[in-house]
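Written below as structure tokens is the structure these notes are about.
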Amino acid sequence: MLKSYMTNFREFFTRKRVRLILLSLALLLSGFALYLDITVRMHFEGKRWAMPARVYARPLELYAGMKLRPEQLVLELSMLDYRVAADPREPGSYRRQGDDFTIVTRPFTFWDEAQPSLALQADFDGMHLGGLTNRDTGAGVTLARLDPVLIGGIYPAHNEDRVLVRFDEIPPHLVKGLIAIEDRQFYSHHGFSVRGTARALVTTVRGGGIQGGSTLTQQLVKNFFLTPERTLRRKFTELLMAMLLELHYSKDEILEAYANEIYLGQDGNRAIHGFGLASHFYFDRPLSRLDLPQAALLVGLVKGPSSYDPRRQPARALARRNLVLQEMRKLDFITQAQYVAARAAPLGVVEKAPEGTSRYPAFVELVHRQLRRDYREDDLRSEGLQIFTTLDPLAQTSAERALTGRLTQLEKDRRLPPKVLEGAIVISNSQNGEVQALVGGRNTRFEGFNRALDAARPIGSLIKPVVFLAALERPDSYTLATLLDDSPLVWKSRGTDDWKPENYDKEFHGQVPLQVALANSYNVSTARLGLALGVRHVVDKAHDLGVERDMRTFASTLLGADSLSPLEVTQMYQSIASGGFRVPLRAIREVMMADGQPLQRYPLSVEQVIEPGPAYLVTHALQTVVREGTADALKYYLSPDLQIAGKTGTTNDLRDSWFAGYTGDRLAVVWIGRDDNQPIQMTGAGGAMTVWGEMMARLDPDPLVPPVPENIESVWIDPATGLRTDAACAGALELPFIRGSAPVETAPCGAGSPVRSIKSWLERLFE
Amino acid sequence: MRKPYRIVLFFMSASLLAGCAGMLPSAPEERPVSDNSAVVALMDNARNDVAGGKPDSAVASLERALRIEPRNPRLWQELARLRLQQGQYQQAEGLATRSNSWAGEDKVLRAENWRLIGEARLRRGDHQGAQAAFDKAATLAN
């Protein structure tokens with residue numbers, strides 16, 4: 001038996017066979033190594049190449065004489081996380097003494113040029129920047145840009161919740177801290193530390209369990225596995241993978257992946273991975289803007305995010321942070337002075353973790369949608385594009401504060417339950433169509449329902465300027481002085497009930513000049529005018545002005561029964577505000593590739609869609625709305641000298657409150673309503689206009705002085721008869737007309753005696 | 001009266017269609033574009049960029065200048081001229097028209113805008129529209 005067995009054994013292990021077995025073993029081993037190699041590279045590449053697009057606000061341009069208040073400059077600098085310093089030398093620091101500023105800017109590569117760090121000396125002259133000089137040379141500086149505020153990113157779909165950072169965005173202090181406390185040999189080892197591994201092995205053999213001794217590379221590899229497992233086999237695999245990683249990638253690349261992967265905290269059931277997200281979660285600012293003590297705190301968290309949670313365990317977190325600082329000091333990574341100052345600093349953690357990572361999620365959403373027209377979603381989320389947008393953080397801040405503040409006040413005033421009112425705001429540059437601010441709701445950090453883009457609501461009287469524009473384009477039939485019929489109207493249409501529009505005051509006003517009908521937002525005369533022009537024609541006009549959504553051609557469309565979003569309303573008014581030129585609203589200026597190469601511009605474009613004459617007349621009428629019409633209470637917020645043009649909008653049963661208006665430099669649309677579409681008991685003037693006024697008052701608007709087209713002449717009119725009259729006559733009114741359209745007939749002074757009643761209220765209106 | 005003008009027009013269009021950029025009307029005025037030195041600097045940047053074959057950068061500079069002085073008709077005109085050179089005729093016409101809306105009593109500037117509009121229409125093949133624009137330019141120049 002045994003003999004035969006041995007024979008079999010010997011027969012089995014012939015030389016040939018042994019060689020074969022050894023070969024198979026070697027193959028198996030190299031196969032395993034190859035498998036590990038592929039796995040580790042796949043994991044790594046997956047993280048490494050997914051670089052989100054970064055979205056920036058507009059850079060603040062500084063030049064002598066510009067309109068800017070010192071507080072606005074301070075706000076901009078604080079949003080950029082510039083530090084106050086007694087003697088600013090470091091880029092990103094400044095000093096203010098009264099109205100004198102010294103600012104050391106950060107270097108920044110803009111789309112068109114790279115601007116090095118500049119030491120600027122700026123002083124103010126009231127509401128204007130007085131002088132701008134270079135601190136070091138004393139020479140005047142013609143024009144300089146601050147770096148733009150980073151307002152968000154477009155993140156990979158599978159890592160939606162991660163704020164991926166590139167190596168150059170990681171503050172050097174954080175890298176040094178990590179090396180000091182986690183892995184001193186990082187830049188010299190090959191993925192593992194002999195001493196660390198030996199120590200771990202000894203502990204294991206002594207029965208102390210598998211533990212510690214991991215390099216940063218090993219810690220990173222550990223994260224590639226879905227489950228934590230503490231076996232020798234896993235340890236060995238990790239070690240092999242760490243070595244393979246070191247073969248393929250540079251130290252900086254490994255550190256970058258580590259920085260984006262490491263677990264740093266818990267927010268309910270949401271895990272906080274990566275320093276980028278952690279920086280927002282704990283400090284509400286981008287990682288690149290962390291100072292030394294903040295960076296040290298994050299480094300300290302690596303060891304145990306829950307044991308050192310700065311919100312729940314502030315004392316332990318502080319001790320841990322200071323330990324990191326101490327280790328950094330020992331290695332001379334920081335000076336004694338830096339160490340002392342950082343130790344003395346408070347934790348600096350924001351009390352409540354901010355919702356989302358963008359300060360302006362509603363605006364970033366608009367940017368994302370505009371980008372999606374030109375870029376593949378995958379590229380946006382992974383190519384590291386830099387997106388330069390039109391957001392003006394100063395305008396945005398004013399809009400947010402005005403909306404949240406006024407909504408709370410309006411709820412109190414109207415005895416509405418708290419938090420039922422919602423709102424949305426769009427602000428654009430009235431000349432070039434750049435969207436400067438966008439608020440999607442009163443919770444401005446909420447990344448959900450964006451009312452500015454997606455809440456289409458009946459626009460009410462905001463449609464009226466379109467009706468009047470369509471009329472004023474026919475100067476032989478309609479002028480601002482044309483008397484319109486505001487007596488009861490019954491509109492019969494086959495298949496539907498009779499339509500009997502009413503005025504807001506439930507009265508009818510007889511014969512009223514066209515401009516007065518718009519100023520007082522009379523429904524009946526507007527409806528009659530629109531029906532005479534044709535609803536189709538009015539709707540076409542709205543499309544000419546830039547409304548893309550289909551609108552119905554019912555009679556009620558003339559009074560704003562159709563729904564538009566605040567952004568669509570803004571586009572419509574943009575064409576009127578810019579004198580008849582359609583200027584597409586833009587949220588993006590430029591797109592740059594990750595390496596700083598310019599990729600694409602979104603240029604300013606203009607197209608004349610309305611003759612300058614009628615556009616001018618509509619603006620004149622809209623200025624009357626504010627001066628003496630439904631929006632006259634705007635004077636409690638803004639000086640009448642600003643000649644603002646605007647229109648209130650109120651819908652049936654007071655469900656929506658709208659205001660659209662423009663100054664010399666900005667156009668803004670405000671909507672207030674409820675998400676459940678219940679009545680809110682306020683008109684456009686009572687609600688949205690107050691938000692508009694408060695917001696604009698903070699932005700020091702330019703007066704509205706539209707250019708007078710060459711075919712416009714000014715004529716004195718007797719408002720009662722609509723006839724030409726003498727400037728000296730009592731009650732005479734000066735109105736612009738398209739040349740040749742003004743009445744020829746002249747009324748003598750006081751000719752309007754039979755219609756004195758109309759005249760008296762007209763006088764009241766035009767006083 | 002009309003005929004010699006048409007011949008001139010024909011030769012002009014022929015040479016323009018040949019793509020001779022040197023024939024483009026250039027800024028006739030040499031007074032500073034603005035009393036704001038930042039705007040002047042940006043205009044200089046734009047001209048240098050055009051000379052250096054970087055039209056996109058030139059557009060960016062002009063848009064920056066327009067953000068500072070949106071009512072400056074010469075900036076709008078410069079942008080129109082640039083768009084014409086780039087072959088964006090519709091934009092050129094829109095921008096020159098916008099320049100006209102801010103031009104006020106400046107007849108020289110308006111005449112130049114109408115010439116730009118005429119060129120833009122000509123190159124789009126709108127000969128009638130081009131002639132109307134050139135006529136307006138001529139009226140203003142007289």
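Each chain in the structure tokens gets a letter, A, B and so on, in the order shown; residues start at 1 in every chain, and ligands are counted from 1 in the order they appear.
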>> Using only C-alpha atoms, which protein or nucleic acid residues come within 9 Å of range 232-246 of chain A? Drop anything in the same chain fewer than 6 positions from it, and give the result as an NGL selection string.
In response: :A and (33 or 36-37 or 39-41 or 44 or 189-192 or 204 or 210 or 215 or 217-222 or 254)
Put those residues in a file: C-alpha atoms, as a short mmCIF file (atom, residue, chain, number, x, y, z; two decimals), in the first residue's frame.
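This is the output file selection.cif:
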data_model
loop_
_atom_site.label_atom_id
_atom_site.label_comp_id
_atom_site.auth_asym_id
_atom_site.auth_seq_id
_atom_site.Cartn_x
_atom_site.Cartn_y
_atom_site.Cartn_z
CA ALA A 33 -0.25 41.13 -7.66
CA LEU A 36 -4.19 44.11 -6.77
CA ASP A 37 -2.41 46.48 -9.10
CA THR A 39 -7.76 47.24 -8.32
CA VAL A 40 -5.64 49.86 -6.67
CA ARG A 41 -5.20 51.84 -9.87
CA PHE A 44 -7.20 55.69 -7.48
CA HIS A 189 9.04 55.99 2.46
CA HIS A 190 7.80 53.56 -0.17
CA GLY A 191 4.30 53.21 1.05
CA PHE A 192 4.99 51.59 4.39
CA THR A 204 -0.17 41.52 17.13
CA ILE A 210 -4.10 44.13 14.81
CA THR A 215 1.39 55.45 6.69
CA THR A 217 -0.62 55.72 1.85
CA GLN A 218 -1.83 52.73 3.87
CA GLN A 219 -4.65 54.78 5.37
CA LEU A 220 -5.69 55.76 1.87
CA VAL A 221 -5.64 52.17 0.64
CA LYS A 222 -7.72 51.12 3.62
CA ILE A 254 -1.30 60.33 -3.22
#
Using only C-alpha atoms, select each residue of chain B with any atom at most 8 Å away from an atom of chain A, and give the selection as a compact mmCIF listing (two decimals) with N, CA and C atoms, in the first residue's frame.
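So iface-v6.txt came out as:
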# COMPACT_ATOMS: atom_id res chain seq x y z
N SER B 37 -9.69 106.74 -16.74
CA SER B 37 -8.45 106.14 -17.24
C SER B 37 -8.54 104.61 -17.29
N ALA B 38 -9.40 104.02 -16.44
CA ALA B 38 -9.56 102.56 -16.49
C ALA B 38 -10.16 102.15 -17.84
N ALA B 41 -7.57 102.51 -20.54
CA ALA B 41 -6.61 101.40 -20.49
C ALA B 41 -7.21 100.14 -21.12
N ASP B 56 -10.74 87.48 -29.14
CA ASP B 56 -11.57 87.13 -27.98
C ASP B 56 -11.16 87.92 -26.75
N SER B 57 -9.86 88.09 -26.58
CA SER B 57 -9.39 88.90 -25.44
C SER B 57 -9.82 90.35 -25.62
N VAL B 59 -12.51 91.39 -27.12
CA VAL B 59 -13.93 91.45 -26.77
C VAL B 59 -14.08 91.49 -25.24
N ALA B 60 -13.30 90.65 -24.57
CA ALA B 60 -13.39 90.61 -23.10
C ALA B 60 -13.04 91.97 -22.51
N GLU B 63 -15.86 94.43 -23.12
CA GLU B 63 -17.00 94.18 -22.23
C GLU B 63 -16.71 94.66 -20.82
N ARG B 67 -18.85 97.51 -18.79
CA ARG B 67 -19.43 97.37 -17.45
C ARG B 67 -19.18 98.63 -16.65
N PRO B 70 -21.46 101.81 -19.37
CA PRO B 70 -22.40 101.20 -20.32
C PRO B 70 -23.02 102.21 -21.28
N GLN B 91 -24.41 90.52 -35.09
CA GLN B 91 -23.97 91.16 -33.85
C GLN B 91 -23.43 92.56 -34.12
N GLY B 94 -26.30 94.89 -34.50
CA GLY B 94 -26.96 95.14 -33.22
C GLY B 94 -26.16 96.08 -32.34
N LEU B 95 -24.86 95.86 -32.30
CA LEU B 95 -23.99 96.67 -31.43
C LEU B 95 -23.86 98.10 -31.96
N THR B 97 -26.10 99.63 -33.69
CA THR B 97 -27.39 100.27 -33.41
C THR B 97 -27.46 100.71 -31.96
N ARG B 98 -26.93 99.83 -31.07
CA ARG B 98 -26.91 100.18 -29.65
C ARG B 98 -26.02 101.41 -29.43
N SER B 101 -27.89 104.47 -30.15
CA SER B 101 -28.89 104.89 -29.16
C SER B 101 -28.26 105.75 -28.08
N TRP B 102 -26.94 105.64 -27.88
CA TRP B 102 -26.27 106.47 -26.87
C TRP B 102 -25.52 107.63 -27.50
N GLY B 104 -26.43 110.38 -29.09
CA GLY B 104 -26.93 111.74 -28.94
C GLY B 104 -26.70 112.56 -30.19
> Which neighbours of Asn45 in chain B fall inside 9 Å, counting only C-alpha atoms, when residues of the same chain fewer than 3 positions from it are skipped, and could you give them as a ChimeraX atom specification?
Replying inline: /B:40-42,48-50,57-58,61-62
Write the selection just made, keeping C-alpha atoms, as a PDB file, in the first residue's frame?
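This went into result04.pdb:
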ATOM      1  CA  VAL B  40      -8.964 104.149 -21.660  1.00  0.00           C
ATOM      2  CA  ALA B  41      -6.614 101.396 -20.489  1.00  0.00           C
ATOM      3  CA  LEU B  42      -9.120  98.681 -21.388  1.00  0.00           C
ATOM      4  CA  ASN B  48      -3.422  95.713 -28.724  1.00  0.00           C
ATOM      5  CA  ASP B  49      -5.235  92.388 -28.583  1.00  0.00           C
ATOM      6  CA  VAL B  50      -6.734  92.964 -32.011  1.00  0.00           C
ATOM      7  CA  SER B  57      -9.393  88.903 -25.443  1.00  0.00           C
ATOM      8  CA  ALA B  58     -10.214  92.189 -27.135  1.00  0.00           C
ATOM      9  CA  SER B  61     -11.604  93.928 -22.515  1.00  0.00           C
ATOM     10  CA  LEU B  62     -14.323  95.903 -24.269  1.00  0.00           C
TER      11      LEU B  62
END
>> Excluding Gly661 in chain A and its own-chain neighbours fewer than 4 positions away, which residues fall within 6 Å of it when counting only C-alpha atoms? Please give them as a PyMOL selection string.
In response: chain A and resi 645-646+667-668
>> When DSSP is applied to the backbone of this structure, which of range 480-723 of chain A are assigned strand (DSSP E)? Write them out as a PyMOL selection string.
In response: chain A and resi 483-486+510-513+563-564+581-582+588-592+598-601+607-608+645-650+657-662+666-673+712-718+723
Resulting file, chosen residues, C-alpha atoms, as a PDB file, in the first residue's frame:
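The file below, out.pdb, is the result:
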ATOM      1  CA  LEU A 483     -57.820 108.595 -24.117  1.00  0.00           C
ATOM      2  CA  LEU A 484     -58.759 104.994 -23.359  1.00  0.00           C
ATOM      3  CA  ASP A 485     -62.208 103.761 -22.434  1.00  0.00           C
ATOM      4  CA  ASP A 486     -62.372 102.452 -18.882  1.00  0.00           C
ATOM      5  CA  GLY A 510     -64.434 106.688 -17.880  1.00  0.00           C
ATOM      6  CA  GLN A 511     -62.003 108.214 -20.376  1.00  0.00           C
ATOM      7  CA  VAL A 512     -58.420 108.022 -19.152  1.00  0.00           C
ATOM      8  CA  PRO A 513     -55.152 108.929 -20.879  1.00  0.00           C
ATOM      9  CA  SER A 563     -47.708  81.975 -15.634  1.00  0.00           C
ATOM     10  CA  LEU A 564     -44.026  82.822 -15.922  1.00  0.00           C
ATOM     11  CA  PHE A 581     -32.693  95.720 -27.381  1.00  0.00           C
ATOM     12  CA  ARG A 582     -33.019  92.076 -26.520  1.00  0.00           C
ATOM     13  CA  ILE A 588     -21.508  82.946 -17.211  1.00  0.00           C
ATOM     14  CA  ARG A 589     -18.735  85.053 -18.609  1.00  0.00           C
ATOM     15  CA  GLU A 590     -15.971  82.588 -19.295  1.00  0.00           C
ATOM     16  CA  VAL A 591     -14.937  78.975 -18.980  1.00  0.00           C
ATOM     17  CA  MET A 592     -11.311  78.058 -18.412  1.00  0.00           C
ATOM     18  CA  PRO A 598      -9.172  79.745 -21.912  1.00  0.00           C
ATOM     19  CA  LEU A 599     -11.887  77.512 -23.308  1.00  0.00           C
ATOM     20  CA  GLN A 600     -14.974  79.554 -24.055  1.00  0.00           C
ATOM     21  CA  ARG A 601     -16.557  82.969 -23.614  1.00  0.00           C
ATOM     22  CA  GLU A 607     -30.457  92.622 -31.022  1.00  0.00           C
ATOM     23  CA  GLN A 608     -32.918  95.398 -31.579  1.00  0.00           C
ATOM     24  CA  ALA A 645     -39.360 102.702 -13.744  1.00  0.00           C
ATOM     25  CA  GLY A 646     -41.430  99.845 -12.381  1.00  0.00           C
ATOM     26  CA  LYS A 647     -44.629  97.869 -12.402  1.00  0.00           C
ATOM     27  CA  THR A 648     -46.586  96.206  -9.647  1.00  0.00           C
ATOM     28  CA  GLY A 649     -48.339  92.894 -10.176  1.00  0.00           C
ATOM     29  CA  THR A 650     -51.116  91.344  -8.109  1.00  0.00           C
ATOM     30  CA  SER A 657     -47.288  89.795  -5.201  1.00  0.00           C
ATOM     31  CA  TRP A 658     -44.896  90.947  -7.937  1.00  0.00           C
ATOM     32  CA  PHE A 659     -42.692  93.913  -8.615  1.00  0.00           C
ATOM     33  CA  ALA A 660     -40.480  94.465 -11.653  1.00  0.00           C
ATOM     34  CA  GLY A 661     -38.443  97.621 -11.928  1.00  0.00           C
ATOM     35  CA  TYR A 662     -35.255  99.141 -13.217  1.00  0.00           C
ATOM     36  CA  ARG A 666     -30.004  97.362 -12.574  1.00  0.00           C
ATOM     37  CA  LEU A 667     -33.194  95.507 -13.331  1.00  0.00           C
ATOM     38  CA  ALA A 668     -34.816  93.419 -10.611  1.00  0.00           C
ATOM     39  CA  VAL A 669     -37.897  91.246 -10.339  1.00  0.00           C
ATOM     40  CA  VAL A 670     -39.352  90.179  -6.991  1.00  0.00           C
ATOM     41  CA  TRP A 671     -42.083  87.615  -6.420  1.00  0.00           C
ATOM     42  CA  ILE A 672     -43.796  86.757  -3.134  1.00  0.00           C
ATOM     43  CA  GLY A 673     -46.369  84.020  -2.677  1.00  0.00           C
ATOM     44  CA  ILE A 712     -39.023 111.796 -29.891  1.00  0.00           C
ATOM     45  CA  GLU A 713     -40.407 115.269 -29.252  1.00  0.00           C
ATOM     46  CA  SER A 714     -41.885 116.776 -26.150  1.00  0.00           C
ATOM     47  CA  VAL A 715     -45.341 118.385 -26.257  1.00  0.00           C
ATOM     48  CA  TRP A 716     -47.570 120.056 -23.643  1.00  0.00           C
ATOM     49  CA  ILE A 717     -50.952 118.388 -23.331  1.00  0.00           C
ATOM     50  CA  ASP A 718     -54.210 119.208 -21.648  1.00  0.00           C
ATOM     51  CA  LEU A 723     -55.230 118.033 -26.883  1.00  0.00           C
TER      52      LEU A 723
END
>> So that I can see what lies close to Asp106 in chain B, please list as a list in words the residues with an atom at most 12 Å from it, counting only C-alpha atoms and leaving out residues fewer than 4 positions away in the same chain.
In response: Glu710 of chain A; Glu29, Asn72, Pro73, Arg74, Ser99, Asn100, Ser101, Trp102, Arg110, Ala111, Glu112, Asn113, Leu140 and Ala141 of chain B
>> For a test of reading the model, state the distance in Å between CA of Ile151 in chain A and CA of Val55 in chain A, rounded to one decimal.
In response: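 These atoms are spaced 5.7 Å apart.
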>> So that I can check the surroundings of Asp413 in chain A, please list as a PyMOL selection string every protein, DNA and RNA residue that reaches within 12 Å of it, counting only C-alpha atoms and ignoring chain neighbours fewer than 5 positions away.
In response: chain A and resi 406-408+418+680-682+686-687
Output C-alpha atoms of each residue in that selection to a file, as a compact mmCIF listing (two decimals), in the first residue's frame.
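So result_23.txt came out as:
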# COMPACT_ATOMS: atom_id res chain seq x y z
CA ARG A 406 -39.18 91.67 4.77
CA LEU A 407 -40.95 88.29 4.64
CA THR A 408 -40.69 87.92 8.41
CA PRO A 418 -44.57 82.38 10.45
CA ILE A 680 -51.27 86.07 0.98
CA GLN A 681 -53.37 89.20 1.43
CA MET A 682 -51.00 91.58 -0.24
CA GLY A 686 -47.72 95.97 -0.35
CA GLY A 687 -45.33 93.02 -0.63
>> Excluding Ala130 in chain B and its own-chain neighbours fewer than 2 positions away, which residues fall within 8 Å of it when counting only C-alpha atoms? Please give them as number ranges by chain.
In response: B: 117-122, 126-128, 132-134
Those selected residues, please, written with C-alpha atoms and delivered as a compact mmCIF listing (two decimals), in the first residue's frame.
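Written file, again_32.txt:
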# COMPACT_ATOMS: atom_id res chain seq x y z
CA ILE B 117 -24.32 98.77 -40.25
CA GLY B 118 -24.07 99.18 -44.02
CA GLU B 119 -20.96 97.00 -44.18
CA ALA B 120 -22.59 94.35 -42.03
CA ARG B 121 -25.68 94.25 -44.22
CA LEU B 122 -23.62 94.22 -47.37
CA ASP B 126 -28.65 92.63 -47.95
CA HIS B 127 -27.74 95.16 -50.63
CA GLN B 128 -30.88 97.23 -50.28
CA ALA B 132 -30.21 102.60 -46.94
CA ALA B 133 -27.60 102.56 -44.18
CA PHE B 134 -24.93 104.16 -46.37
> Just how far from CA of Val435 in chain A is CA of Thr389 in chain A, in Å to one decimal?
Replying inline: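 The value is 8.8 Å.
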